[in-house]
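Trainee: Here it is, the structure in full.
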Amino acid sequence: MEAEKITIEDTPNSGLRIDIISCVPRLLDSFFDHSILKRAKDAGHAEVVIHDLRDYSIQKQKQIDDYAFGGGAGMVLGIETIARCIRNLQSIRVYDDIIYMTPDGERFQQKMANRLSMSKNLMILCGHYKGIDERVREHFITKEISIGDYVLSGGELPAAVVSDALIRLIPGVLNDETSALTDSFQDNLLAPPVYTRPADFEGWKVPEVLLSGHEKKINDWRMEQSIKRTQERRPDLLQ
């Protein structure tokens, strides 16, 4: 079955590859074809391949869900189709992790992003409807991730969020490789305020220290501002 590829072909020089399994792949069409992610794709630093789960259904109508045993509201993505898809992908390459996006997974944080960005091959399964057959989680999934304590219609947006967070960390993706190292949460601090031209807009002025050209003073100011902002907005990070 032909997977729908929205990035470059896999090559020996490519970096991180992410295979995303979705029953509504069109939701992800534009996300990976713009800005930083597109540049990462074009430069061969990353590849994201979207797989339509319905392509692996053995049902004539391409059905991939069914009613839950025991009754209750909502449909459940079945194990047969998901197993066929995962096993097909596993027959081609070895995956560092098979990830399931779910609200009851481990909270996604920058430290996790740092670790996962060093992977070679990742597979992400997007849930939908009421979720997936529990046996998929028990026998195929190696990591479950949540992007927050709320529920979305499916796992596509969370999968895109995770992919973005990982790809931007790959060396060569950002024009300035130190940029990712100074992002919020990299050192358990929020990023300091940033300014650009003009230095004076309607009397609202940029802090003088940033115009001084004194590198140590600027770095000290930024650290002070990071600590202050973290204390005010996310004191839990300082614990």
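Chain labels run A, B, ... following the order of the structure tokens; each chain numbers its residues from 1, and ligands are numbered from 1 in the order shown.
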Please provide the set of residues having any atom within 12 Å of stretch 230-235 of chain A, restricted to only C-alpha atoms, with same-chain residues fewer than 2 positions apart removed, written as number ranges by chain.

Mentor: A: 184-185, 187-193, 223-228, 237-239

Trainee: Output N, CA and C atoms for every residue in the selection just made, as a short mmCIF file (atom, residue, chain, number, x, y, z; two decimals), in the first residue's frame.

Mentor:
```
data_model
loop_
_atom_site.label_atom_id
_atom_site.label_comp_id
_atom_site.auth_asym_id
_atom_site.auth_seq_id
_atom_site.Cartn_x
_atom_site.Cartn_y
_atom_site.Cartn_z
N SER A 184 12.27 28.88 26.09
CA SER A 184 11.68 28.61 27.39
C SER A 184 11.74 27.11 27.69
N PHE A 185 11.94 26.80 28.99
CA PHE A 185 11.92 25.44 29.53
C PHE A 185 13.21 24.66 29.32
N ASP A 187 16.14 25.31 30.43
CA ASP A 187 16.85 25.25 31.70
C ASP A 187 15.88 25.47 32.87
N ASN A 188 14.64 25.06 32.68
CA ASN A 188 13.58 25.24 33.68
C ASN A 188 13.29 26.71 33.95
N LEU A 189 13.60 27.56 33.00
CA LEU A 189 13.28 28.99 33.09
C LEU A 189 12.51 29.41 31.84
N LEU A 190 11.66 30.40 32.00
CA LEU A 190 11.00 30.98 30.83
C LEU A 190 11.97 31.92 30.12
N ALA A 191 11.79 32.09 28.83
CA ALA A 191 12.68 32.95 28.06
C ALA A 191 12.48 34.42 28.47
N PRO A 192 13.52 35.23 28.38
CA PRO A 192 13.41 36.65 28.73
C PRO A 192 12.69 37.42 27.64
N PRO A 193 12.29 38.68 27.91
CA PRO A 193 11.67 39.52 26.88
C PRO A 193 12.65 39.77 25.73
N MET A 223 19.33 36.78 32.06
CA MET A 223 19.15 35.77 33.10
C MET A 223 18.26 36.29 34.22
N GLU A 224 18.48 37.52 34.62
CA GLU A 224 17.65 38.13 35.67
C GLU A 224 16.18 38.18 35.23
N GLN A 225 15.96 38.57 33.98
CA GLN A 225 14.60 38.66 33.47
C GLN A 225 13.95 37.27 33.36
N SER A 226 14.73 36.26 32.99
CA SER A 226 14.20 34.90 32.91
C SER A 226 13.75 34.43 34.28
N ILE A 227 14.58 34.65 35.28
CA ILE A 227 14.24 34.24 36.64
C ILE A 227 13.01 34.99 37.14
N LYS A 228 12.98 36.30 36.89
CA LYS A 228 11.85 37.11 37.32
C LYS A 228 10.55 36.66 36.66
N LEU A 237 8.20 25.83 38.15
CA LEU A 237 9.40 25.39 37.47
C LEU A 237 10.65 25.56 38.34
N LEU A 238 10.60 26.50 39.26
CA LEU A 238 11.76 26.75 40.12
C LEU A 238 11.87 25.76 41.27
N GLN A 239 10.83 24.94 41.43
CA GLN A 239 10.85 23.96 42.51
C GLN A 239 11.65 22.72 42.11
#
```

Trainee: Using only C-alpha atoms, determine which residues lie at most 8 Å from A:Ser163, disregarding the query and same-chain residues fewer than 4 positions distant; provide the list as a list in words.

Mentor: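 Here the answer would be Ile18, Ala159 and Ile167 of chain A.
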
Trainee: When DSSP is applied to the backbone of this structure, which of stretch 61-217 of chain A are assigned strand (DSSP E or B)? Write them out as number ranges by chain.

Mentor: A: 65-67, 75-77, 97-107, 121-126, 128, 132, 143-146, 154, 200-201, 204-205

Trainee: Please measure the separation of atom CA of A:Glu80 and atom CA of A:His139, giving the value in Å to one decimal.

Mentor: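 Calculated distance between atom CA of A:Glu80 and atom CA of A:His139 is 12.5 Å.
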
Trainee: Which neighbours of A:Ser153 fall inside 12 Å, counting only C-alpha atoms, when residues of the same chain fewer than 3 positions from it are skipped, and could you give them as a list in words?

Mentor: Cys23, Val24, Leu27, Gly74, Met101, Thr102, Pro103, Cys126, Gly127, His128, Tyr129, Lys130, Gly131, Tyr150, Glu156, Leu157 and Pro158 of chain A

Trainee: Please produce a file of those selected residues containing C-alpha atoms, as a PDB file, in the first residue's frame.

Mentor:
```
ATOM      1  CA  CYS A  23      -7.687   8.132   9.987  1.00  0.00           C
ATOM      2  CA  VAL A  24      -8.057  11.774   8.847  1.00  0.00           C
ATOM      3  CA  LEU A  27      -5.867  17.446   8.672  1.00  0.00           C
ATOM      4  CA  GLY A  74     -18.653   6.371  21.093  1.00  0.00           C
ATOM      5  CA  MET A 101      -1.163  10.496  21.564  1.00  0.00           C
ATOM      6  CA  THR A 102      -3.658  10.316  24.423  1.00  0.00           C
ATOM      7  CA  PRO A 103      -4.898  12.679  27.177  1.00  0.00           C
ATOM      8  CA  CYS A 126      -3.337   9.309  16.353  1.00  0.00           C
ATOM      9  CA  GLY A 127      -6.428   8.225  18.224  1.00  0.00           C
ATOM     10  CA  HIS A 128      -9.935   9.216  17.187  1.00  0.00           C
ATOM     11  CA  TYR A 129     -13.535   8.721  18.267  1.00  0.00           C
ATOM     12  CA  LYS A 130     -13.543   7.094  21.738  1.00  0.00           C
ATOM     13  CA  GLY A 131      -9.974   5.904  21.415  1.00  0.00           C
ATOM     14  CA  TYR A 150      -7.923  18.471  27.851  1.00  0.00           C
ATOM     15  CA  GLU A 156      -3.539  14.695  14.750  1.00  0.00           C
ATOM     16  CA  LEU A 157      -2.943  18.138  16.254  1.00  0.00           C
ATOM     17  CA  PRO A 158      -1.003  16.711  19.228  1.00  0.00           C
TER      18      PRO A 158
END
```

Trainee: Would you please work out which residue, of A:Arg84, A:Arg17, A:Lys143, A:His34, is nearest to A:Ser57 when using only C-alpha atoms?

Mentor: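 For A:Ser57, the nearest of the given residues is A:Arg84.
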